[in-house]
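Chemist: My structure is stored as final_1.cif, with mmCIF, C-alpha atoms, pLDDT in the B column; chains and numbers go by the auth columns.
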data_target
#
loop_
_atom_site.group_PDB
_atom_site.id
_atom_site.type_symbol
_atom_site.label_atom_id
_atom_site.label_comp_id
_atom_site.label_asym_id
_atom_site.label_seq_id
_atom_site.Cartn_x
_atom_site.Cartn_y
_atom_site.Cartn_z
_atom_site.B_iso_or_equiv
_atom_site.auth_seq_id
_atom_site.auth_asym_id
ATOM 1 C CA MET A 1 1.595 20.693 -3.224 95.00 1 F
ATOM 2 C CA ASN A 2 -2.117 20.112 -3.714 97.00 2 F
ATOM 3 C CA ILE A 3 -4.338 19.066 -6.600 98.00 3 F
ATOM 4 C CA LEU A 4 -8.104 18.541 -6.750 98.00 4 F
ATOM 5 C CA VAL A 5 -9.033 14.911 -7.432 98.00 5 F
ATOM 6 C CA ASP A 6 -12.670 13.786 -7.315 97.00 6 F
ATOM 7 C CA GLY A 7 -13.479 16.864 -5.263 97.00 7 F
ATOM 8 C CA ILE A 8 -10.772 16.019 -2.691 97.00 8 F
ATOM 9 C CA ASN A 9 -7.978 18.530 -2.065 97.00 9 F
ATOM 10 C CA THR A 10 -5.127 16.043 -2.434 98.00 10 F
ATOM 11 C CA TYR A 11 -1.639 16.575 -0.995 98.00 11 F
ATOM 12 C CA TYR A 12 1.479 15.244 -2.697 98.00 12 F
ATOM 13 C CA GLU A 13 5.199 15.910 -2.862 98.00 13 F
ATOM 14 C CA GLU A 14 7.523 15.520 -5.812 97.00 14 F
ATOM 15 C CA SER A 15 11.224 15.687 -6.527 98.00 15 F
ATOM 16 C CA GLY A 16 13.631 15.019 -9.373 97.00 16 F
ATOM 17 C CA ASN A 17 13.247 15.033 -13.135 96.00 17 F
ATOM 18 C CA GLY A 18 12.803 12.317 -15.722 97.00 18 F
ATOM 19 C CA PRO A 19 10.340 9.457 -16.160 98.00 19 F
ATOM 20 C CA ALA A 20 7.572 9.504 -13.558 98.00 20 F
ATOM 21 C CA VAL A 21 7.492 7.180 -10.537 98.00 21 F
ATOM 22 C CA LEU A 22 4.504 7.219 -8.172 98.00 22 F
ATOM 23 C CA MET A 23 4.886 6.110 -4.531 98.00 23 F
ATOM 24 C CA LEU A 24 1.781 4.728 -2.791 98.00 24 F
ATOM 25 C CA PRO A 25 2.010 4.622 1.025 97.00 25 F
ATOM 26 C CA GLY A 26 1.163 2.074 3.660 97.00 26 F
ATOM 27 C CA TRP A 27 -1.994 2.456 5.742 96.00 27 F
ATOM 28 C CA ALA A 28 -2.144 5.821 7.580 93.00 28 F
ATOM 29 C CA ALA A 29 1.436 6.688 6.553 95.00 29 F
ATOM 30 C CA LYS A 30 2.428 10.209 5.577 93.00 30 F
ATOM 31 C CA CYS A 31 4.031 10.602 2.191 94.00 31 F
ATOM 32 C CA SER A 32 6.979 12.266 3.969 94.00 32 F
ATOM 33 C CA LEU A 33 7.860 8.851 5.420 96.00 33 F
ATOM 34 C CA TYR A 34 8.957 7.837 1.925 97.00 34 F
ATOM 35 C CA ARG A 35 11.270 10.737 1.161 97.00 35 F
ATOM 36 C CA SER A 36 14.263 8.421 1.544 97.00 36 F
ATOM 37 C CA VAL A 37 12.754 6.194 -1.167 97.00 37 F
ATOM 38 C CA ALA A 38 12.400 9.232 -3.416 98.00 38 F
ATOM 39 C CA ASP A 39 15.968 10.338 -2.680 97.00 39 F
ATOM 40 C CA THR A 40 17.234 6.957 -3.863 96.00 40 F
ATOM 41 C CA ILE A 41 16.031 7.427 -7.438 97.00 41 F
ATOM 42 C CA SER A 42 15.210 11.143 -7.854 97.00 42 F
ATOM 43 C CA SER A 43 18.567 11.813 -9.530 96.00 43 F
ATOM 44 C CA SER A 44 17.117 10.157 -12.640 97.00 44 F
ATOM 45 C CA TYR A 45 13.344 10.146 -12.085 98.00 45 F
ATOM 46 C CA ARG A 46 10.471 12.447 -11.233 98.00 46 F
ATOM 47 C CA VAL A 47 9.219 10.867 -8.004 98.00 47 F
ATOM 48 C CA ILE A 48 5.721 11.669 -6.750 98.00 48 F
ATOM 49 C CA LEU A 49 4.768 10.853 -3.149 98.00 49 F
ATOM 50 C CA LEU A 50 1.001 10.711 -2.612 98.00 50 F
ATOM 51 C CA ASP A 51 -0.959 11.215 0.611 97.00 51 F
ATOM 52 C CA LEU A 52 -4.061 9.035 0.289 97.00 52 F
ATOM 53 C CA PRO A 53 -7.454 10.301 1.521 97.00 53 F
ATOM 54 C CA GLY A 54 -7.956 9.974 5.266 96.00 54 F
ATOM 55 C CA PHE A 55 -4.485 8.649 6.019 92.00 55 F
ATOM 56 C CA THR A 56 -2.839 11.627 7.712 85.00 56 F
ATOM 57 C CA GLY A 57 -5.019 14.711 7.555 80.00 57 F
ATOM 58 C CA ASN A 58 -3.039 16.301 4.731 93.00 58 F
ATOM 59 C CA THR A 59 -5.610 14.838 2.337 97.00 59 F
ATOM 60 C CA PRO A 60 -9.205 14.771 3.688 96.00 60 F
ATOM 61 C CA GLU A 61 -11.098 11.541 4.247 97.00 61 F
ATOM 62 C CA PRO A 62 -13.031 9.971 1.365 97.00 62 F
ATOM 63 C CA PRO A 63 -16.732 10.866 1.123 96.00 63 F
ATOM 64 C CA ASN A 64 -17.752 7.366 2.204 97.00 64 F
ATOM 65 C CA ASP A 65 -16.266 4.059 3.366 97.00 65 F
ATOM 66 C CA TRP A 66 -14.239 3.058 0.324 97.00 66 F
ATOM 67 C CA ASP A 67 -13.118 -0.486 -0.294 97.00 67 F
ATOM 68 C CA VAL A 68 -9.794 -1.088 -2.070 98.00 68 F
ATOM 69 C CA ASP A 69 -11.454 -0.414 -5.441 98.00 69 F
ATOM 70 C CA GLY A 70 -12.455 3.032 -4.196 98.00 70 F
ATOM 71 C CA PHE A 71 -8.809 3.843 -3.530 98.00 71 F
ATOM 72 C CA VAL A 72 -7.852 2.362 -6.914 98.00 72 F
ATOM 73 C CA ASP A 73 -10.337 4.661 -8.657 98.00 73 F
ATOM 74 C CA PHE A 74 -8.903 7.628 -6.764 98.00 74 F
ATOM 75 C CA VAL A 75 -5.287 6.805 -7.688 98.00 75 F
ATOM 76 C CA ILE A 76 -6.248 6.389 -11.352 98.00 76 F
ATOM 77 C CA HIS A 77 -7.927 9.798 -11.292 98.00 77 F
ATOM 78 C CA PHE A 78 -4.890 11.307 -9.535 98.00 78 F
ATOM 79 C CA ILE A 79 -2.597 9.982 -12.277 98.00 79 F
ATOM 80 C CA GLU A 80 -4.930 11.445 -14.884 98.00 80 F
ATOM 81 C CA ALA A 81 -5.066 14.802 -13.060 98.00 81 F
ATOM 82 C CA MET A 82 -1.245 14.845 -13.053 98.00 82 F
ATOM 83 C CA GLN A 83 -1.408 14.199 -16.817 98.00 83 F
ATOM 84 C CA LEU A 84 0.894 11.191 -16.617 98.00 84 F
ATOM 85 C CA LYS A 85 0.821 8.935 -19.657 98.00 85 F
ATOM 86 C CA GLU A 86 3.661 6.609 -18.638 98.00 86 F
ATOM 87 C CA LEU A 87 4.947 5.835 -15.139 98.00 87 F
ATOM 88 C CA SER A 88 6.318 3.221 -12.779 98.00 88 F
ATOM 89 C CA ILE A 89 4.670 2.609 -9.410 98.00 89 F
ATOM 90 C CA ILE A 90 6.076 1.740 -5.988 98.00 90 F
ATOM 91 C CA GLY A 91 3.748 0.527 -3.241 98.00 91 F
ATOM 92 C CA HIS A 92 4.405 -0.156 0.422 98.00 92 F
ATOM 93 C CA SER A 93 2.009 -2.314 2.468 97.00 93 F
ATOM 94 C CA PHE A 94 -1.527 -1.017 1.693 97.00 94 F
ATOM 95 C CA GLY A 95 -0.109 0.648 -1.407 98.00 95 F
ATOM 96 C CA GLY A 96 0.573 -2.868 -2.657 98.00 96 F
ATOM 97 C CA ARG A 97 -3.117 -3.713 -2.411 98.00 97 F
ATOM 98 C CA ILE A 98 -3.913 -0.778 -4.661 98.00 98 F
ATOM 99 C CA ILE A 99 -1.283 -1.836 -7.192 98.00 99 F
ATOM 100 C CA ILE A 100 -2.468 -5.456 -7.317 98.00 100 F
ATOM 101 C CA LYS A 101 -6.052 -4.437 -8.035 98.00 101 F
ATOM 102 C CA MET A 102 -5.142 -1.616 -10.422 98.00 102 F
ATOM 103 C CA MET A 103 -2.898 -3.836 -12.549 98.00 103 F
ATOM 104 C CA ASN A 104 -5.891 -6.112 -13.101 98.00 104 F
ATOM 105 C CA ARG A 105 -8.002 -3.264 -14.472 96.00 105 F
ATOM 106 C CA GLN A 106 -8.616 -3.249 -18.196 94.00 106 F
ATOM 107 C CA ASP A 107 -7.913 -0.257 -20.464 94.00 107 F
ATOM 108 C CA LEU A 108 -6.043 1.955 -18.015 97.00 108 F
ATOM 109 C CA PRO A 109 -5.625 5.474 -19.453 97.00 109 F
ATOM 110 C CA PHE A 110 -1.851 5.291 -18.956 98.00 110 F
ATOM 111 C CA THR A 111 0.996 2.800 -19.306 98.00 111 F
ATOM 112 C CA VAL A 112 2.697 1.293 -16.258 98.00 112 F
ATOM 113 C CA GLU A 113 6.310 0.395 -17.029 97.00 113 F
ATOM 114 C CA LYS A 114 7.470 -1.455 -13.902 98.00 114 F
ATOM 115 C CA LEU A 115 6.402 -2.093 -10.314 98.00 115 F
ATOM 116 C CA THR A 116 8.030 -2.297 -6.908 98.00 116 F
ATOM 117 C CA LEU A 117 6.157 -3.900 -4.016 98.00 117 F
ATOM 118 C CA ILE A 118 7.691 -3.277 -0.584 98.00 118 F
ATOM 119 C CA ASP A 119 6.348 -5.485 2.231 98.00 119 F
ATOM 120 C CA ALA A 120 3.057 -5.389 0.361 98.00 120 F
ATOM 121 C CA ALA A 121 -0.346 -6.376 1.694 98.00 121 F
ATOM 122 C CA GLY A 122 -3.006 -8.284 -0.196 97.00 122 F
ATOM 123 C CA ILE A 123 -2.752 -11.913 0.870 97.00 123 F
ATOM 124 C CA ARG A 124 -5.302 -12.944 3.484 93.00 124 F
ATOM 125 C CA ARG A 125 -3.980 -15.623 5.796 77.00 125 F
ATOM 126 C CA GLU A 126 -5.705 -18.069 8.121 67.00 126 F
ATOM 127 C CA PRO A 127 -6.423 -16.188 11.379 55.00 127 F
ATOM 128 C CA SER A 128 -4.186 -16.977 14.326 48.00 128 F
ATOM 129 C CA ALA A 129 -5.596 -18.498 17.506 52.00 129 F
ATOM 130 C CA GLY A 130 -5.525 -15.070 19.140 54.00 130 F
ATOM 131 C CA THR A 131 -7.395 -13.477 16.252 46.00 131 F
ATOM 132 C CA LYS A 132 -10.011 -16.231 16.340 41.00 132 F
ATOM 133 C CA ARG A 133 -10.564 -15.539 20.056 55.00 133 F
ATOM 134 C CA LYS A 134 -11.083 -11.834 19.299 50.00 134 F
ATOM 135 C CA GLN A 135 -13.559 -12.706 16.539 46.00 135 F
ATOM 136 C CA THR A 136 -15.485 -14.914 18.966 51.00 136 F
ATOM 137 C CA ILE A 137 -15.644 -12.088 21.501 50.00 137 F
ATOM 138 C CA LEU A 138 -17.030 -9.716 18.859 46.00 138 F
ATOM 139 C CA LYS A 139 -19.668 -12.215 17.719 56.00 139 F
ATOM 140 C CA PHE A 140 -20.765 -12.641 21.327 55.00 140 F
ATOM 141 C CA ALA A 141 -20.869 -8.874 21.877 50.00 141 F
ATOM 142 C CA LYS A 142 -23.078 -8.288 18.817 53.00 142 F
ATOM 143 C CA ASN A 143 -25.763 -10.543 20.298 59.00 143 F
ATOM 144 C CA PHE A 144 -25.967 -8.833 23.670 50.00 144 F
ATOM 145 C CA PHE A 145 -24.575 -5.285 23.585 55.00 145 F
ATOM 146 C CA SER A 146 -25.200 -1.907 21.967 56.00 146 F
ATOM 147 C CA GLU A 147 -23.242 -0.596 18.984 61.00 147 F
ATOM 148 C CA GLU A 148 -21.362 1.771 21.296 57.00 148 F
ATOM 149 C CA THR A 149 -20.267 -1.095 23.533 50.00 149 F
ATOM 150 C CA ILE A 150 -19.279 -3.218 20.538 42.00 150 F
ATOM 151 C CA GLU A 151 -17.133 -0.386 19.212 50.00 151 F
ATOM 152 C CA LYS A 152 -15.347 -0.183 22.569 49.00 152 F
ATOM 153 C CA VAL A 153 -14.663 -3.926 22.381 43.00 153 F
ATOM 154 C CA LYS A 154 -13.230 -3.477 18.861 45.00 154 F
ATOM 155 C CA GLU A 155 -11.016 -0.651 20.081 48.00 155 F
ATOM 156 C CA ARG A 156 -9.675 -2.796 22.909 49.00 156 F
ATOM 157 C CA HIS A 157 -9.005 -5.870 20.797 43.00 157 F
ATOM 158 C CA GLY A 158 -8.322 -4.299 17.390 48.00 158 F
ATOM 159 C CA SER A 159 -4.977 -3.550 15.779 55.00 159 F
ATOM 160 C CA GLU A 160 -3.108 -0.303 16.336 73.00 160 F
ATOM 161 C CA ASP A 161 -4.175 0.851 12.860 59.00 161 F
ATOM 162 C CA TYR A 162 -7.805 0.217 13.792 72.00 162 F
ATOM 163 C CA ARG A 163 -7.559 1.969 17.155 76.00 163 F
ATOM 164 C CA ASN A 164 -5.945 5.054 15.626 75.00 164 F
ATOM 165 C CA ALA A 165 -8.420 5.389 12.736 81.00 165 F
ATOM 166 C CA SER A 166 -11.591 7.458 12.608 88.00 166 F
ATOM 167 C CA SER A 167 -14.961 5.718 12.420 92.00 167 F
ATOM 168 C CA LEU A 168 -15.057 6.096 8.634 95.00 168 F
ATOM 169 C CA MET A 169 -11.481 4.937 8.074 95.00 169 F
ATOM 170 C CA ARG A 170 -12.053 1.911 10.316 95.00 170 F
ATOM 171 C CA LYS A 171 -14.747 0.791 7.904 95.00 171 F
ATOM 172 C CA CYS A 172 -12.338 1.247 4.990 95.00 172 F
ATOM 173 C CA LEU A 173 -9.655 -0.757 6.808 95.00 173 F
ATOM 174 C CA VAL A 174 -11.983 -3.644 7.637 93.00 174 F
ATOM 175 C CA LYS A 175 -13.105 -3.869 4.009 95.00 175 F
ATOM 176 C CA ALA A 176 -9.480 -3.928 2.851 95.00 176 F
ATOM 177 C CA ILE A 177 -8.144 -6.587 5.199 93.00 177 F
ATOM 178 C CA ASN A 178 -11.117 -8.881 4.592 93.00 178 F
ATOM 179 C CA GLU A 179 -10.382 -9.043 0.858 96.00 179 F
ATOM 180 C CA ASP A 180 -7.930 -11.670 -0.393 97.00 180 F
ATOM 181 C CA LEU A 181 -6.159 -10.568 -3.579 98.00 181 F
ATOM 182 C CA THR A 182 -4.190 -13.773 -4.126 98.00 182 F
ATOM 183 C CA ASP A 183 -6.175 -14.765 -7.230 98.00 183 F
ATOM 184 C CA LEU A 184 -5.310 -11.421 -8.866 98.00 184 F
ATOM 185 C CA LEU A 185 -1.539 -11.868 -8.661 98.00 185 F
ATOM 186 C CA PRO A 186 -1.215 -13.799 -11.980 98.00 186 F
ATOM 187 C CA GLY A 187 -2.936 -10.852 -13.674 98.00 187 F
ATOM 188 C CA ILE A 188 0.049 -8.559 -13.041 98.00 188 F
ATOM 189 C CA ARG A 189 2.001 -8.460 -16.305 96.00 189 F
ATOM 190 C CA GLN A 190 4.520 -5.739 -15.496 97.00 190 F
ATOM 191 C CA GLU A 191 8.077 -6.472 -14.389 98.00 191 F
ATOM 192 C CA THR A 192 7.790 -6.538 -10.581 98.00 192 F
ATOM 193 C CA LEU A 193 10.447 -6.173 -7.912 98.00 193 F
ATOM 194 C CA LEU A 194 9.500 -7.498 -4.466 98.00 194 F
ATOM 195 C CA ILE A 195 11.502 -6.085 -1.540 98.00 195 F
ATOM 196 C CA TRP A 196 10.788 -7.667 1.825 98.00 196 F
ATOM 197 C CA GLY A 197 12.016 -7.697 5.384 98.00 197 F
ATOM 198 C CA THR A 198 12.626 -11.244 6.586 98.00 198 F
ATOM 199 C CA ALA A 199 11.452 -10.224 10.076 98.00 199 F
ATOM 200 C CA ASP A 200 8.228 -8.592 8.848 98.00 200 F
ATOM 201 C CA THR A 201 5.385 -9.732 11.115 95.00 201 F
ATOM 202 C CA SER A 202 2.620 -7.655 9.451 95.00 202 F
ATOM 203 C CA THR A 203 3.075 -9.098 5.959 97.00 203 F
ATOM 204 C CA PRO A 204 5.436 -12.045 6.507 97.00 204 F
ATOM 205 C CA ILE A 205 8.064 -13.230 4.061 98.00 205 F
ATOM 206 C CA THR A 206 5.800 -16.157 3.113 97.00 206 F
ATOM 207 C CA ASP A 207 3.519 -13.579 1.465 98.00 207 F
ATOM 208 C CA ALA A 208 6.452 -12.382 -0.619 98.00 208 F
ATOM 209 C CA GLU A 209 7.326 -15.925 -1.640 98.00 209 F
ATOM 210 C CA LYS A 210 3.750 -16.540 -2.748 98.00 210 F
ATOM 211 C CA MET A 211 3.745 -13.300 -4.749 98.00 211 F
ATOM 212 C CA GLU A 212 7.033 -14.214 -6.411 98.00 212 F
ATOM 213 C CA LYS A 213 5.547 -17.552 -7.425 98.00 213 F
ATOM 214 C CA LEU A 214 2.242 -16.181 -8.753 98.00 214 F
ATOM 215 C CA ILE A 215 3.286 -12.918 -10.434 98.00 215 F
ATOM 216 C CA PRO A 216 4.623 -13.970 -13.872 97.00 216 F
ATOM 217 C CA ASN A 217 7.594 -11.598 -14.042 97.00 217 F
ATOM 218 C CA ALA A 218 8.605 -11.054 -10.419 98.00 218 F
ATOM 219 C CA GLY A 219 11.826 -11.250 -8.457 98.00 219 F
ATOM 220 C CA LEU A 220 12.252 -11.156 -4.685 98.00 220 F
ATOM 221 C CA VAL A 221 14.965 -9.414 -2.668 98.00 221 F
ATOM 222 C CA ARG A 222 15.077 -10.339 1.017 98.00 222 F
ATOM 223 C CA LEU A 223 16.377 -7.742 3.485 98.00 223 F
ATOM 224 C CA GLU A 224 17.687 -9.840 6.363 97.00 224 F
ATOM 225 C CA GLY A 225 16.441 -8.862 9.800 97.00 225 F
ATOM 226 C CA ALA A 226 14.309 -6.003 8.507 98.00 226 F
ATOM 227 C CA GLY A 227 10.696 -5.560 9.568 98.00 227 F
ATOM 228 C CA HIS A 228 7.593 -4.188 7.872 97.00 228 F
ATOM 229 C CA PHE A 229 9.378 -0.922 7.070 97.00 229 F
ATOM 230 C CA SER A 230 12.312 -2.685 5.465 98.00 230 F
ATOM 231 C CA PHE A 231 13.376 0.387 3.487 98.00 231 F
ATOM 232 C CA LEU A 232 14.040 2.156 6.806 97.00 232 F
ATOM 233 C CA ASP A 233 15.545 -0.845 8.592 97.00 233 F
ATOM 234 C CA GLN A 234 18.087 -1.667 5.858 97.00 234 F
ATOM 235 C CA PRO A 235 18.523 1.645 3.994 97.00 235 F
ATOM 236 C CA VAL A 236 21.963 0.937 2.490 97.00 236 F
ATOM 237 C CA ILE A 237 20.988 -2.370 0.885 97.00 237 F
ATOM 238 C CA PHE A 238 17.611 -0.971 -0.123 98.00 238 F
ATOM 239 C CA ASP A 239 19.328 1.938 -1.849 97.00 239 F
ATOM 240 C CA LYS A 240 21.595 -0.388 -3.831 97.00 240 F
ATOM 241 C CA VAL A 241 18.697 -2.641 -4.872 98.00 241 F
ATOM 242 C CA MET A 242 16.551 0.264 -6.053 98.00 242 F
ATOM 243 C CA LYS A 243 19.367 1.912 -7.993 97.00 243 F
ATOM 244 C CA SER A 244 20.102 -1.379 -9.721 97.00 244 F
ATOM 245 C CA TYR A 245 16.435 -1.996 -10.584 98.00 245 F
ATOM 246 C CA PHE A 246 15.918 1.523 -11.904 97.00 246 F
ATOM 247 C CA LYS A 247 19.302 1.435 -13.684 96.00 247 F
ATOM 248 C CA ILE A 248 20.756 4.461 -11.922 94.00 248 F
ATOM 249 C CA GLY A 249 24.496 4.870 -12.279 81.00 249 F
ATOM 250 C CA SER A 250 24.813 1.905 -14.642 56.00 250 F
#
Go through the file and emit its structure as structure tokens.

Modeler:
Amino acid sequence: MNILVDGINTYYEESGNGPAVLMLPGWAAKCSLYRSVADTISSSYRVILLDLPGFTGNTPEPPNDWDVDGFVDFVIHFIEAMQLKELSIIGHSFGGRIIIKMMNRQDLPFTVEKLTLIDAAGIRREPSAGTKRKQTILKFAKNFFSEETIEKVKERHGSEDYRNASSLMRKCLVKAINEDLTDLLPGIRQETLLIWGTADTSTPITDAEKMEKLIPNAGLVRLEGAGHFSFLDQPVIFDKVMKSYFKIGS
């Protein structure tokens, strides 16, 4: 299904009936990746899976290089376009960044009941030795080489997300990962479930532990041995946790 939001022909999927739950994806992830999440709770909820602008091609790129606040504005306008007055929100990875910032906005035009953060991003850590070497290479390149050459260096040394992104989306990604949202965590007042893979190397379990400590009403569930896509790595346990949190079958 499609709906026009801020002039962008926005793709989404929905299933189930009942109170609304919005699923925000990880960077460059299709909303279809989260159908198993929707299946877990759609017996009792109306679950909406959103394709964010520029992530997959189903929803076109944003008109310019948005920072996280740009995506927050878009999600707020999507919720308004869907005429949702009350909802819960689930965010995976980058979707967690959006949630953290949005829950610190004042006077939202809707009520958010509860949150679920799955292997969420938002905490900026001290760069590793390898990352520091890459940053040094880029600083050196900027002094001596053309923009085209610098971009080739970034492609060679950047993350897979960076290499696979368009020029515009690379700018959005850099803005996002350079912003530390740690100080915003105490501003989240909703009941928050944290679900994390203990083997996640993209957003490690230490991030989850910090979020549990700083978000006033948060609880953490560790999925042993699961990685950054913990809901796919440990689907049976994930299913049980979600059904318990959303009070399905109780």

Chemist: Show which residues sit within 10 Å of Phe71 of chain F, as a list in words. Count all atoms listed in the file, and ignore same-chain residues fewer than 6 positions away.

Modeler: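 Contacts, with the query itself left out: Leu52, Pro53, Pro62, His77, Gly95, Arg97, Ile98, Lys101, Met102 and Cys172 of chain F.
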
Chemist: Nearest to Leu214 of chain F: which of F:Thr192, F:Gln234, F:Ser202, F:Ser88 is it, counting only C-alpha atoms?

Modeler: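 Using only C-alpha atoms, the shortest distance to Leu214 of chain F belongs to F:Thr192.
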
Chemist: What does the PyMOL selection byres ((chain F and resi 179) around 10) select in this file, as number ranges by chain?

Modeler: F: 67-68, 97, 122-124, 174-178, 180-182

Chemist: Considering only C-alpha atoms, state which residue in the set F:Leu223, F:Ile248, F:Leu173, F:Met82 is at the smallest distance from Ile195 of chain F.

Modeler: F:Leu223

Chemist: Taking the file as shown, what set of residues would the PyMOL selection byres ((chain F and resi 22) around 6) give back, as a PyMOL selection string?

Modeler: chain F and resi 21+23+47-48+89

Chemist: Using only C-alpha atoms and a cutoff of 9 Å, can you tell me which residues are near (-1.3, 4.3, -18.7) in the file's coordinates, and write them out as a PyMOL selection string?

Modeler: chain F and resi 79-80+84-87+107-113

Chemist: Tell me, in Å to one decimal, how far atom CA of Arg222 of chain F is from atom CA of Leu193 of chain F.

Modeler: 10.9 Å

Chemist: Tell me, in Å to one decimal, how far atom CA of Phe94 of chain F is from atom CA of Leu24 of chain F.

Modeler: 8.0 Å

Chemist: Grab the atom CA of Ile76 of chain F to atom CA of Thr116 of chain F distance for me, in Å with one decimal place.

Modeler: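 Spanning atom CA of Ile76 of chain F to atom CA of Thr116 of chain F is a straight-line distance of 17.3 Å.
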
Chemist: Ranking F:Gln106, F:Thr206, F:Thr56, F:Asn64 by minimum distance to Lys171 of chain F and counting only C-alpha atoms, which one comes first?

Modeler: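 Of the candidates, the smallest distance to Lys171 of chain F is held by F:Asn64.
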
Chemist: I want to know what sits within 8 Å of segment 2-7 of chain F, based on all atoms listed in the file, with residues of the same chain fewer than 6 positions away left out; could you give that as a list of chain:residue names?

Modeler: F:Phe74, F:His77, F:Phe78, F:Ala81

Chemist: For Ile8 of chain F, which residue among F:Ser93, F:Pro60, F:Ile100, F:Leu194 is the nearest when counting all atoms listed in the file?

Modeler: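 Of F:Ser93, F:Pro60, F:Ile100, F:Leu194, the one nearest Ile8 of chain F, counting all atoms listed in the file, is F:Pro60.
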
Chemist: When distances are computed from all atoms listed in the file, which of F:Asp69, F:Glu191, F:Asp233, F:Glu212 shows the smallest separation from Lys114 of chain F?

Modeler: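 Checking each of F:Asp69, F:Glu191, F:Asp233, F:Glu212 against Lys114 of chain F, counting all atoms listed in the file, the winner is F:Glu191.
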
Chemist: Out of F:Ser44, F:Thr203, F:Gln190, F:Thr59, which residue has the shortest atom-to-atom distance to Ala120 of chain F when counting only C-alpha atoms?

Modeler: F:Thr203
